[in-house]
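Asks: This one is entry05.txt, compact mmCIF, C-alpha atoms and all ligand atoms.
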```txt
# COMPACT_ATOMS: atom_id res chain seq x y z
CA MET Y 1 50.04 -103.38 80.61
CA ALA Y 2 50.55 -103.05 76.88
CA PHE Y 3 53.29 -101.56 74.75
CA PRO Y 4 55.25 -99.34 75.34
CA VAL Y 5 55.33 -100.35 79.03
CA THR Y 6 55.47 -104.04 78.17
CA ARG Y 7 58.21 -104.88 75.72
CA LEU Y 8 58.49 -108.62 75.17
CA ARG Y 9 61.77 -108.14 73.33
CA ARG Y 10 63.48 -107.14 76.62
CA LEU Y 11 63.95 -110.79 77.53
CA ARG Y 12 65.28 -111.69 74.09
CA ARG Y 13 68.12 -109.20 74.00
CA THR Y 14 71.07 -111.50 74.81
CA PRO Y 15 71.73 -115.24 74.69
CA GLN Y 16 72.01 -115.24 78.48
CA LEU Y 17 68.62 -113.60 78.98
CA ARG Y 18 67.03 -115.91 76.44
CA ASP Y 19 68.51 -118.87 78.27
CA LEU Y 20 67.13 -117.57 81.57
CA VAL Y 21 63.55 -117.61 80.31
CA ARG Y 22 63.66 -120.74 78.16
CA GLU Y 23 60.53 -122.77 78.95
CA THR Y 24 61.46 -126.08 77.35
CA ARG Y 25 64.77 -127.74 78.06
CA LEU Y 26 66.12 -130.78 76.32
CA HIS Y 27 68.80 -133.06 77.68
CA PRO Y 28 70.80 -136.02 76.33
CA SER Y 29 68.64 -138.35 78.43
CA ASP Y 30 65.57 -137.29 76.42
CA PHE Y 31 66.64 -139.29 73.39
CA ILE Y 32 66.43 -142.97 72.44
CA LEU Y 33 68.34 -144.13 69.37
CA PRO Y 34 66.76 -146.61 66.92
CA LEU Y 35 69.32 -149.06 65.50
CA PHE Y 36 69.06 -151.52 62.61
CA ILE Y 37 70.81 -154.87 62.85
CA GLU Y 38 71.01 -157.12 59.79
CA GLU Y 39 71.57 -160.84 60.05
CA GLY Y 40 74.76 -162.04 58.40
CA ARG Y 41 76.11 -158.57 57.70
CA THR Y 42 79.87 -158.19 58.23
CA ALA Y 43 80.16 -154.44 57.66
CA PRO Y 44 77.62 -151.64 58.08
CA VAL Y 45 75.85 -150.35 54.99
CA ALA Y 46 74.28 -146.93 54.43
CA ILE Y 47 70.50 -146.58 54.05
CA GLY Y 48 69.88 -144.42 50.99
CA SER Y 49 66.77 -142.66 52.24
CA MET Y 50 68.18 -141.99 55.71
CA PRO Y 51 71.49 -140.13 55.38
CA GLY Y 52 73.78 -140.94 58.30
CA VAL Y 53 71.82 -144.07 59.31
CA ARG Y 54 73.11 -147.59 58.62
CA ARG Y 55 72.14 -151.22 58.74
CA HIS Y 56 74.60 -152.64 61.22
CA SER Y 57 76.70 -155.72 61.63
CA MET Y 58 76.95 -157.04 65.19
CA ALA Y 59 80.31 -155.34 65.69
CA SER Y 60 79.24 -151.97 64.30
CA LEU Y 61 76.02 -152.15 66.32
CA VAL Y 62 78.00 -152.41 69.53
CA ARG Y 63 80.30 -149.56 68.45
CA GLU Y 64 77.35 -147.31 67.59
CA ALA Y 65 75.62 -148.14 70.89
CA GLU Y 66 78.83 -147.29 72.75
CA ILE Y 67 79.04 -143.94 70.99
CA ALA Y 68 75.43 -143.23 71.93
CA LYS Y 69 75.97 -144.21 75.56
CA ARG Y 70 79.06 -142.03 75.78
CA ALA Y 71 77.11 -139.07 74.38
CA GLY Y 72 74.56 -139.52 77.21
CA VAL Y 73 71.83 -141.32 75.28
CA PRO Y 74 70.26 -143.69 77.84
CA GLY Y 75 68.81 -146.30 75.50
CA VAL Y 76 68.51 -147.83 72.05
CA ILE Y 77 65.63 -149.59 70.30
CA LEU Y 78 66.48 -152.47 68.00
CA PHE Y 79 64.98 -153.37 64.64
CA GLY Y 80 66.07 -156.61 62.99
CA ILE Y 81 66.51 -157.49 59.35
CA PRO Y 82 66.52 -161.30 59.12
CA LYS Y 83 68.04 -163.39 56.33
CA HIS Y 84 64.82 -165.33 55.87
CA LYS Y 85 61.31 -163.99 55.77
CA ASP Y 86 58.20 -166.17 55.54
CA PRO Y 87 54.43 -165.64 55.77
CA LEU Y 88 54.40 -166.54 59.49
CA ALA Y 89 57.39 -164.42 60.60
CA LYS Y 90 59.19 -167.41 62.13
CA SER Y 91 62.56 -165.67 62.20
CA GLY Y 92 60.95 -163.06 64.47
CA TYR Y 93 60.93 -165.38 67.45
CA ALA Y 94 63.92 -167.63 66.73
CA LYS Y 95 66.04 -168.13 69.82
CA ASN Y 96 69.09 -167.14 67.81
CA GLY Y 97 67.31 -164.57 65.68
CA VAL Y 98 69.18 -161.43 64.79
CA VAL Y 99 67.49 -159.21 67.39
CA GLN Y 100 67.74 -161.84 70.12
CA GLN Y 101 71.48 -162.12 69.46
CA ALA Y 102 71.87 -158.36 69.40
CA VAL Y 103 70.09 -157.97 72.73
CA ARG Y 104 72.36 -160.54 74.38
CA ARG Y 105 75.44 -158.93 72.93
CA LEU Y 106 74.51 -155.38 73.94
CA LYS Y 107 73.46 -156.36 77.47
CA LYS Y 108 76.76 -158.17 77.86
CA GLU Y 109 79.00 -155.43 76.45
CA ILE Y 110 77.16 -152.33 77.70
CA PRO Y 111 75.02 -153.52 80.63
CA GLU Y 112 73.99 -150.04 81.72
CA LEU Y 113 72.56 -149.14 78.31
CA VAL Y 114 68.77 -149.63 78.25
CA VAL Y 115 67.84 -151.95 75.38
CA LEU Y 116 64.36 -151.84 73.91
CA THR Y 117 63.00 -153.99 71.10
CA ASP Y 118 60.29 -153.31 68.57
CA VAL Y 119 57.79 -156.17 68.70
CA CYS Y 120 56.16 -156.55 65.31
CA ALA Y 121 55.93 -159.03 62.47
CA CYS Y 122 56.49 -156.83 59.44
CA GLU Y 123 60.28 -157.08 59.46
CA TYR Y 124 59.99 -160.88 59.37
CA THR Y 125 57.04 -161.54 57.05
CA SER Y 126 57.61 -162.16 53.35
CA HIS Y 127 54.48 -160.11 52.58
CA GLY Y 128 55.57 -157.18 54.77
CA HIS Y 129 52.36 -156.93 56.78
CA CYS Y 130 52.34 -156.70 60.58
CA GLY Y 131 50.46 -159.94 61.16
CA ILE Y 132 49.24 -163.27 59.88
CA LEU Y 133 47.21 -163.16 56.69
CA LYS Y 134 44.06 -164.88 55.58
CA GLY Y 135 43.77 -164.01 51.94
CA GLN Y 136 44.61 -160.32 51.92
CA GLU Y 137 43.37 -159.65 55.45
CA VAL Y 138 45.60 -159.28 58.48
CA GLN Y 139 44.06 -161.55 61.12
CA ASN Y 140 43.93 -159.96 64.54
CA ASP Y 141 43.65 -162.83 67.01
CA PRO Y 142 46.02 -165.32 65.35
CA THR Y 143 48.59 -162.52 65.25
CA LEU Y 144 48.42 -162.13 69.03
CA ALA Y 145 49.97 -165.56 69.56
CA LEU Y 146 52.79 -164.60 67.19
CA LEU Y 147 53.43 -161.33 69.03
CA GLU Y 148 53.54 -163.20 72.35
CA LYS Y 149 56.24 -165.48 70.96
CA ILE Y 150 58.27 -162.57 69.63
CA ALA Y 151 58.04 -160.66 72.92
CA LEU Y 152 58.93 -163.76 74.95
CA SER Y 153 61.98 -164.46 72.82
CA HIS Y 154 63.18 -160.90 73.40
CA ALA Y 155 62.52 -161.27 77.13
CA GLU Y 156 64.53 -164.49 77.24
CA ALA Y 157 67.40 -162.68 75.50
CA GLY Y 158 67.43 -160.13 78.30
CA VAL Y 159 65.75 -157.03 76.85
CA ASP Y 160 64.87 -154.18 79.23
CA LEU Y 161 61.60 -153.07 77.60
CA VAL Y 162 59.43 -154.48 74.83
CA ALA Y 163 57.61 -152.15 72.46
CA PRO Y 164 54.74 -153.64 70.42
CA SER Y 165 54.15 -151.59 67.25
CA ASP Y 166 51.75 -153.78 65.31
CA MET Y 167 48.43 -152.12 66.25
CA MET Y 168 46.48 -155.36 66.68
CA ASP Y 169 43.65 -155.11 69.22
CA GLY Y 170 44.47 -156.82 72.50
CA ARG Y 171 48.21 -157.16 71.87
CA VAL Y 172 49.31 -155.43 75.07
CA GLY Y 173 47.13 -157.69 77.23
CA ALA Y 174 48.25 -160.79 75.36
CA ILE Y 175 51.93 -159.90 75.67
CA ARG Y 176 51.50 -158.96 79.35
CA ARG Y 177 49.92 -162.33 80.13
CA ALA Y 178 52.57 -164.24 78.19
CA LEU Y 179 55.38 -162.41 79.98
CA ASP Y 180 53.76 -162.87 83.39
CA THR Y 181 53.20 -166.58 83.00
CA HIS Y 182 56.84 -167.07 82.00
CA GLY Y 183 58.38 -165.23 84.91
CA PHE Y 184 58.82 -161.84 83.25
CA GLN Y 185 56.31 -159.94 85.35
CA ASP Y 186 58.88 -157.18 85.89
CA LEU Y 187 59.51 -156.50 82.19
CA PRO Y 188 57.76 -153.25 81.18
CA ILE Y 189 55.79 -152.67 77.99
CA LEU Y 190 56.09 -149.49 75.95
CA ALA Y 191 53.00 -149.53 73.74
CA TYR Y 192 53.05 -147.80 70.38
CA SER Y 193 49.47 -146.87 71.26
CA ALA Y 194 48.66 -144.00 68.97
CA LYS Y 195 50.28 -145.11 65.77
CA PHE Y 196 48.93 -143.49 62.65
CA ALA Y 197 49.07 -144.98 59.15
CA SER Y 198 51.70 -142.63 57.77
CA ALA Y 199 53.65 -141.84 54.63
CA PHE Y 200 56.44 -140.78 56.96
CA TYR Y 201 57.42 -144.43 57.60
CA GLY Y 202 58.58 -144.72 53.99
CA PRO Y 203 62.36 -144.54 54.60
CA PHE Y 204 62.10 -147.04 57.48
CA ARG Y 205 60.43 -149.55 55.22
CA GLU Y 206 63.30 -149.20 52.78
CA ALA Y 207 65.70 -149.68 55.70
CA VAL Y 208 64.17 -152.97 56.85
CA ASP Y 209 62.66 -154.01 53.53
CA SER Y 210 59.14 -154.21 54.97
CA THR Y 211 57.04 -152.38 52.39
CA PRO Y 212 53.78 -154.39 52.20
CA ALA Y 213 53.70 -156.56 49.09
CA PHE Y 214 50.10 -155.42 48.49
CA GLY Y 215 47.72 -152.90 50.00
CA ASP Y 216 48.58 -150.70 52.96
CA ARG Y 217 48.41 -150.71 56.75
CA LYS Y 218 45.21 -148.71 57.09
CA SER Y 219 43.15 -151.62 58.44
CA TYR Y 220 45.32 -151.71 61.56
CA GLN Y 221 47.20 -148.40 61.90
CA MET Y 222 45.05 -145.36 62.70
CA ASP Y 223 43.65 -142.68 60.44
CA ALA Y 224 45.65 -139.48 60.94
CA ALA Y 225 42.37 -137.56 61.15
CA ASN Y 226 41.29 -139.19 64.45
CA PRO Y 227 42.63 -137.71 67.69
CA ARG Y 228 39.79 -139.03 69.88
CA GLU Y 229 40.33 -142.54 68.58
CA ALA Y 230 44.00 -142.09 69.54
CA ILE Y 231 42.88 -141.46 73.12
CA ARG Y 232 40.79 -144.64 73.03
CA GLU Y 233 43.80 -146.60 71.81
CA ILE Y 234 45.87 -145.27 74.69
CA GLU Y 235 43.12 -145.95 77.24
CA GLN Y 236 42.80 -149.50 75.97
CA ASP Y 237 46.53 -150.19 76.07
CA LEU Y 238 46.75 -148.84 79.62
CA ALA Y 239 43.81 -150.99 80.69
CA GLU Y 240 45.66 -153.99 79.25
CA GLY Y 241 48.78 -153.20 81.22
CA ALA Y 242 50.99 -150.87 79.18
CA ASP Y 243 53.56 -149.12 81.38
CA LEU Y 244 54.43 -146.36 78.92
CA VAL Y 245 52.68 -145.17 75.78
CA MET Y 246 53.91 -143.71 72.54
CA VAL Y 247 52.57 -141.41 69.85
CA LYS Y 248 53.87 -141.83 66.30
CA PRO Y 249 54.72 -140.01 64.07
CA ALA Y 250 55.62 -137.00 66.22
CA LEU Y 251 55.58 -133.80 64.17
CA THR Y 252 52.25 -134.54 62.53
CA ALA Y 253 50.67 -135.55 65.87
CA LEU Y 254 51.85 -132.88 68.29
CA ASP Y 255 48.25 -132.27 69.35
CA VAL Y 256 47.85 -135.94 70.21
CA ILE Y 257 51.02 -135.86 72.31
CA THR Y 258 49.64 -132.85 74.22
CA ARG Y 259 46.25 -134.46 74.78
CA ALA Y 260 47.82 -137.71 75.93
CA LYS Y 261 50.14 -135.89 78.32
CA GLU Y 262 47.28 -133.89 79.86
CA ARG Y 263 45.03 -136.87 80.22
CA PHE Y 264 47.24 -139.74 81.41
CA LYS Y 265 49.75 -139.98 84.22
CA VAL Y 266 52.01 -142.51 82.52
CA PRO Y 267 55.13 -141.55 80.58
CA VAL Y 268 54.21 -140.37 77.09
CA TRP Y 269 56.89 -140.93 74.47
CA ALA Y 270 57.02 -139.85 70.86
CA TYR Y 271 58.65 -141.38 67.80
CA HIS Y 272 60.23 -138.79 65.50
CA VAL Y 273 60.07 -141.20 62.58
CA SER Y 274 62.24 -141.94 59.58
CA GLY Y 275 60.41 -139.65 57.15
CA GLU Y 276 60.56 -136.71 59.53
CA TYR Y 277 64.30 -137.25 59.90
CA ALA Y 278 64.81 -137.84 56.17
CA MET Y 279 62.98 -134.68 55.10
CA ILE Y 280 65.29 -132.49 57.10
CA GLU Y 281 68.41 -134.41 56.07
CA ALA Y 282 67.43 -134.19 52.39
CA ALA Y 283 66.93 -130.44 52.67
CA ARG Y 284 70.28 -130.19 54.48
CA GLN Y 285 72.00 -132.05 51.63
CA LYS Y 286 70.49 -129.63 49.15
CA GLY Y 287 71.71 -126.70 51.20
CA TRP Y 288 68.12 -125.50 51.63
CA LEU Y 289 68.24 -125.16 55.40
CA ASP Y 290 70.50 -125.49 58.40
CA GLY Y 291 70.02 -129.18 59.17
CA ASP Y 292 71.26 -129.10 62.75
CA ARG Y 293 69.05 -126.20 63.70
CA ALA Y 294 66.07 -127.75 61.95
CA GLN Y 295 66.52 -131.10 63.75
CA ALA Y 296 66.96 -129.33 67.09
CA GLU Y 297 63.88 -127.21 66.49
CA ALA Y 298 61.78 -130.26 65.58
CA LEU Y 299 62.87 -132.06 68.74
CA THR Y 300 62.15 -128.97 70.84
CA ALA Y 301 58.62 -128.83 69.40
CA ILE Y 302 58.05 -132.50 70.23
CA LYS Y 303 59.20 -132.03 73.80
CA ARG Y 304 57.24 -128.77 74.11
CA ALA Y 305 54.12 -130.66 73.02
CA GLY Y 306 54.59 -132.92 76.05
CA ALA Y 307 56.76 -135.87 75.05
CA ASP Y 308 58.71 -137.28 78.00
CA ARG Y 309 61.23 -139.04 75.76
CA ILE Y 310 61.80 -139.02 72.02
CA LEU Y 311 62.90 -141.82 69.71
CA THR Y 312 65.02 -140.16 67.05
CA TYR Y 313 67.64 -141.14 64.48
CA TRP Y 314 69.33 -137.87 65.41
CA ALA Y 315 69.75 -138.95 69.07
CA VAL Y 316 73.55 -138.85 69.25
CA GLN Y 317 73.79 -135.45 67.56
CA ALA Y 318 70.89 -134.18 69.68
CA ALA Y 319 72.63 -135.35 72.86
CA LYS Y 320 75.62 -133.24 71.87
CA TRP Y 321 73.53 -130.27 70.74
CA PHE Y 322 71.49 -130.13 73.96
CA LYS Y 323 74.31 -131.09 76.33
C1 LIG A 401 56.96 -151.75 62.60
C2 LIG A 401 57.46 -150.35 62.71
C3 LIG A 401 57.47 -149.33 61.74
C4 LIG A 401 58.12 -148.25 62.32
C5 LIG A 401 58.44 -148.62 63.62
N1 LIG A 401 58.01 -149.92 63.83
C6 LIG A 401 57.02 -149.34 60.33
C7 LIG A 401 55.61 -149.40 59.97
O1 LIG A 401 54.73 -149.48 60.81
O2 LIG A 401 55.37 -149.42 58.77
C8 LIG A 401 58.40 -146.94 61.65
C9 LIG A 401 59.56 -146.19 62.21
C10 LIG A 401 60.05 -145.08 61.35
O3 LIG A 401 59.48 -144.75 60.29
O4 LIG A 401 61.05 -144.48 61.74
N2 LIG A 401 55.62 -151.90 62.41
```
Transcribe the structure of this file into structure tokens.
Ligand code: PBG
Replies:
Amino acid sequence: MAFPVTRLRRLRRTPQLRDLVRETRLHPSDFILPLFIEEGRTAPVAIGSMPGVRRHSMASLVREAEIAKRAGVPGVILFGIPKHKDPLAKSGYAKNGVVQQAVRRLKKEIPELVVLTDVCACEYTSHGHCGILKGQEVQNDPTLALLEKIALSHAEAGVDLVAPSDMMDGRVGAIRRALDTHGFQDLPILAYSAKFASAFYGPFREAVDSTPAFGDRKSYQMDAANPREAIREIEQDLAEGADLVMVKPALTALDVITRAKERFKVPVWAYHVSGEYAMIEAARQKGWLDGDRAQAEALTAIKRAGADRILTYWAVQAAKWFK
């Protein structure tokens, strides 16, 4: 029945009615907070391109994680900034590397907080690429051995979930086998499966100082134009043993999130990345929009698209907003 019998505005009249018919609900447990830990740092330092986000010292990392936990955020994902970078990313798998230490510390101080780690080489390589180079080419298979070492070192430190983000072929299978043969068969893998080569990672690269010294990441990260290829990436990671999959960035890949959710029965997560966060925060600083409402609306859209959980730098504020 059409207007005037049907009046869609009837259910929008009051906040209570609107609440009664809200189709998408967000909750503090929807959000995972990314945290940056810098080796040797004694006090936190602001990241210019990510207002409100800091590179942490060990002490401020624990404080920030406690704040997140108290707000109802169930987990954090760690990114390390080492003192020393080299072409082979050795500091990425050091027993006492910055992330390994941070994992131990967080699991000791806040045992019930879920700790995830990003498994990738780019934060530890002097050239900023996500793997081992031969000339200017990122070598796929030699990089797998490196990723295995990084993942194992995180496992030994006591991490709850490892999240490979490098986009090498075969990395999930390689990491799964390495974990299994070393007694970590119960450690789950969250695969950054559908990860697009994106300008929206710009602020993150400033945060961890991982901008590639030459070229770009297009020979390993996906072309943003390819949703079917994204499905193949997810299928392949699941066949290799991924327990959860992720789509990244989020706002520019909402269709991919929806397709993944419809097609696969595993948890589908989304990464609301640094550039997506920074755009809104920059506009907030300029007074061009209501930053809180804009962040909340973006997160609602990501969940509405089908994301089961969302990695976001706005996690603590979101947990309070959607409480
Ligand atoms: C590591 C990695 C990146 C991000 C997460 N893991 C950077 C990149 O691929 O260049 C980006 C996260 C963000 O932008 O918030 N490979």
Asks: How close does stretch 138-238 of chain Y get to stretch 31-48 of chain Y? List, as CSV, each residue of stretch 138-238 of chain Y within 12 Å, its nearest atom pair and the distance in Å to one decimal, counting all atoms listed in the file.
Replies:
```
residue,atom,partner,partner_atom,distance
Y:Gly202,CA,Y:Gly48,CA,11.7
Y:Pro203,CA,Y:Gly48,CA,8.3
Y:Phe204,CA,Y:Ile47,CA,9.1
Y:Arg205,CA,Y:Ile47,CA,10.6
Y:Glu206,CA,Y:Ile47,CA,7.8
Y:Ala207,CA,Y:Ile47,CA,5.9
Y:Val208,CA,Y:Phe36,CA,7.7
Y:Asp209,CA,Y:Ile47,CA,10.8
```
Asks: Edge lengths and centre, in Å to one decimal, as AutoDock Vina command-line options: that's what I need for the box along x, y and z that holds all listed atoms of ligand LIG 401 (chain A) plus 3 Å on each side.
Replies:
```
--center_x 57.9 --center_y -148.2 --center_z 61.3 --size_x 12.3 --size_y 13.4 --size_z 11.1
```
Asks: Excluding stretch 276-291 of chain Y and any residue of its chain fewer than 5 positions from it, enumerate the residues within 9 Å of it, using only C-alpha atoms, and give them as a VMD selection string.
Replies: chain Y and resid 49 to 52 200 to 201 203 249 to 251 296 298 312 to 314
Asks: Atom CA of Y:Glu229 and atom CA of Y:Ala307, how far apart in Å?
Replies: 18.9 Å
Asks: Name the residues, by chain letter and number, that sit within 9 Å of ligand LIG 401 (chain A) using only C-alpha atoms and all ligand atoms, and give them as JSON, numbers by chain.
Replies: {"Y": [34, 79, 118, 119, 120, 121, 122, 123, 128, 129, 130, 163, 164, 165, 166, 167, 192, 195, 196, 197, 198, 199, 200, 201, 202, 203, 204, 205, 208, 210, 211, 212, 217, 221, 248, 249, 271, 272, 273, 274, 275, 276, 277, 311, 312, 313]}
Asks: Using all atoms listed in the file, which protein or nucleic acid residues come within 7 Å of Y:Pro74? Drop anything in the same chain fewer than 5 positions from it, and give the result as a PyMOL selection string.
Replies: chain Y and resi 29+32+69+113-114
Asks: Between Y:Ala225, Y:Leu106, Y:Ala270, Y:Val62, which is the closest to Y:Val247 once you count all atoms listed in the file?
Replies: Y:Ala270
Asks: Please tell me which residues are no farther than 10 Å from (58.7, -161.5, 63.5) in the file, counting all atoms listed in the file, and write them as a VMD selection string.
Replies: chain Y and resid 80 to 82 85 to 94 97 99 118 to 125 130 to 131 146 to 147 149 to 151
Asks: From the options Y:Gly241, Y:Pro188, Y:Pro28, Y:Gly183, which residue's atoms come nearest to Y:Arg309, counting only C-alpha atoms?
Replies: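 Closest to Y:Arg309 of all the choices is Y:Pro28.
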Asks: Quick one: pull the distance between atom CA of Y:Arg104 and atom CA of Y:His154, Å, one decimal.
Replies: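 Computed distance, atom CA of Y:Arg104 to atom CA of Y:His154, equals 9.2 Å.
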Asks: For a quick check of understanding, using all atoms listed in the file, which of Y:Ala68, Y:Met246, Y:Ala59, Y:Ala305 has the smallest distance to Y:Trp269?
Replies: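 Residue with the minimum atom-to-atom distance to Y:Trp269: Y:Met246.
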Asks: Output stretch 210-225 of chain Y with N, CA, C and O atoms present, as a PDB file, in the frame of the given file.
Replies:
```
ATOM      1  N   SER Y 210      60.429-153.723  54.449  1.00  0.00           N
ATOM      2  CA  SER Y 210      59.140-154.210  54.970  1.00  0.00           C
ATOM      3  C   SER Y 210      57.945-153.539  54.291  1.00  0.00           C
ATOM      4  O   SER Y 210      56.851-153.519  54.846  1.00  0.00           O
ATOM      5  N   THR Y 211      58.169-152.979  53.099  1.00  0.00           N
ATOM      6  CA  THR Y 211      57.040-152.380  52.390  1.00  0.00           C
ATOM      7  C   THR Y 211      56.033-153.495  52.082  1.00  0.00           C
ATOM      8  O   THR Y 211      56.416-154.542  51.562  1.00  0.00           O
ATOM      9  N   PRO Y 212      54.753-153.312  52.451  1.00  0.00           N
ATOM     10  CA  PRO Y 212      53.780-154.390  52.200  1.00  0.00           C
ATOM     11  C   PRO Y 212      53.749-154.765  50.716  1.00  0.00           C
ATOM     12  O   PRO Y 212      53.795-153.889  49.852  1.00  0.00           O
ATOM     13  N   ALA Y 213      53.699-156.067  50.467  1.00  0.00           N
ATOM     14  CA  ALA Y 213      53.700-156.560  49.090  1.00  0.00           C
ATOM     15  C   ALA Y 213      52.426-156.148  48.361  1.00  0.00           C
ATOM     16  O   ALA Y 213      52.399-156.065  47.140  1.00  0.00           O
ATOM     17  N   PHE Y 214      51.345-155.910  49.104  1.00  0.00           N
ATOM     18  CA  PHE Y 214      50.100-155.420  48.490  1.00  0.00           C
ATOM     19  C   PHE Y 214      49.395-154.569  49.546  1.00  0.00           C
ATOM     20  O   PHE Y 214      49.650-154.707  50.749  1.00  0.00           O
ATOM     21  N   GLY Y 215      48.545-153.686  49.085  1.00  0.00           N
ATOM     22  CA  GLY Y 215      47.720-152.900  50.000  1.00  0.00           C
ATOM     23  C   GLY Y 215      48.518-151.967  50.879  1.00  0.00           C
ATOM     24  O   GLY Y 215      49.638-151.559  50.539  1.00  0.00           O
ATOM     25  N   ASP Y 216      47.932-151.625  52.031  1.00  0.00           N
ATOM     26  CA  ASP Y 216      48.580-150.700  52.960  1.00  0.00           C
ATOM     27  C   ASP Y 216      48.275-151.145  54.389  1.00  0.00           C
ATOM     28  O   ASP Y 216      47.740-152.232  54.593  1.00  0.00           O
ATOM     29  N   ARG Y 217      48.613-150.312  55.370  1.00  0.00           N
ATOM     30  CA  ARG Y 217      48.410-150.710  56.750  1.00  0.00           C
ATOM     31  C   ARG Y 217      47.194-150.049  57.396  1.00  0.00           C
ATOM     32  O   ARG Y 217      47.064-149.989  58.607  1.00  0.00           O
ATOM     33  N   LYS Y 218      46.303-149.526  56.547  1.00  0.00           N
ATOM     34  CA  LYS Y 218      45.210-148.710  57.090  1.00  0.00           C
ATOM     35  C   LYS Y 218      44.151-149.513  57.841  1.00  0.00           C
ATOM     36  O   LYS Y 218      43.336-148.930  58.543  1.00  0.00           O
ATOM     37  N   SER Y 219      44.144-150.850  57.684  1.00  0.00           N
ATOM     38  CA  SER Y 219      43.150-151.620  58.440  1.00  0.00           C
ATOM     39  C   SER Y 219      43.635-151.907  59.851  1.00  0.00           C
ATOM     40  O   SER Y 219      42.887-152.437  60.667  1.00  0.00           O
ATOM     41  N   TYR Y 220      44.890-151.565  60.166  1.00  0.00           N
ATOM     42  CA  TYR Y 220      45.320-151.710  61.560  1.00  0.00           C
ATOM     43  C   TYR Y 220      45.916-150.432  62.136  1.00  0.00           C
ATOM     44  O   TYR Y 220      45.664-150.094  63.281  1.00  0.00           O
ATOM     45  N   GLN Y 221      46.698-149.671  61.383  1.00  0.00           N
ATOM     46  CA  GLN Y 221      47.200-148.400  61.900  1.00  0.00           C
ATOM     47  C   GLN Y 221      46.094-147.341  61.763  1.00  0.00           C
ATOM     48  O   GLN Y 221      45.238-147.432  60.891  1.00  0.00           O
ATOM     49  N   MET Y 222      46.158-146.316  62.620  1.00  0.00           N
ATOM     50  CA  MET Y 222      45.050-145.360  62.700  1.00  0.00           C
ATOM     51  C   MET Y 222      45.040-144.319  61.595  1.00  0.00           C
ATOM     52  O   MET Y 222      46.068-143.938  61.060  1.00  0.00           O
ATOM     53  N   ASP Y 223      43.855-143.798  61.360  1.00  0.00           N
ATOM     54  CA  ASP Y 223      43.650-142.680  60.440  1.00  0.00           C
ATOM     55  C   ASP Y 223      44.179-141.408  61.098  1.00  0.00           C
ATOM     56  O   ASP Y 223      43.797-141.089  62.234  1.00  0.00           O
ATOM     57  N   ALA Y 224      45.025-140.695  60.382  1.00  0.00           N
ATOM     58  CA  ALA Y 224      45.650-139.480  60.940  1.00  0.00           C
ATOM     59  C   ALA Y 224      44.625-138.404  61.314  1.00  0.00           C
ATOM     60  O   ALA Y 224      44.949-137.456  62.018  1.00  0.00           O
ATOM     61  N   ALA Y 225      43.398-138.571  60.872  1.00  0.00           N
ATOM     62  CA  ALA Y 225      42.370-137.560  61.150  1.00  0.00           C
ATOM     63  C   ALA Y 225      41.706-137.739  62.511  1.00  0.00           C
ATOM     64  O   ALA Y 225      40.854-136.929  62.886  1.00  0.00           O
TER      65      ALA Y 225
END
```
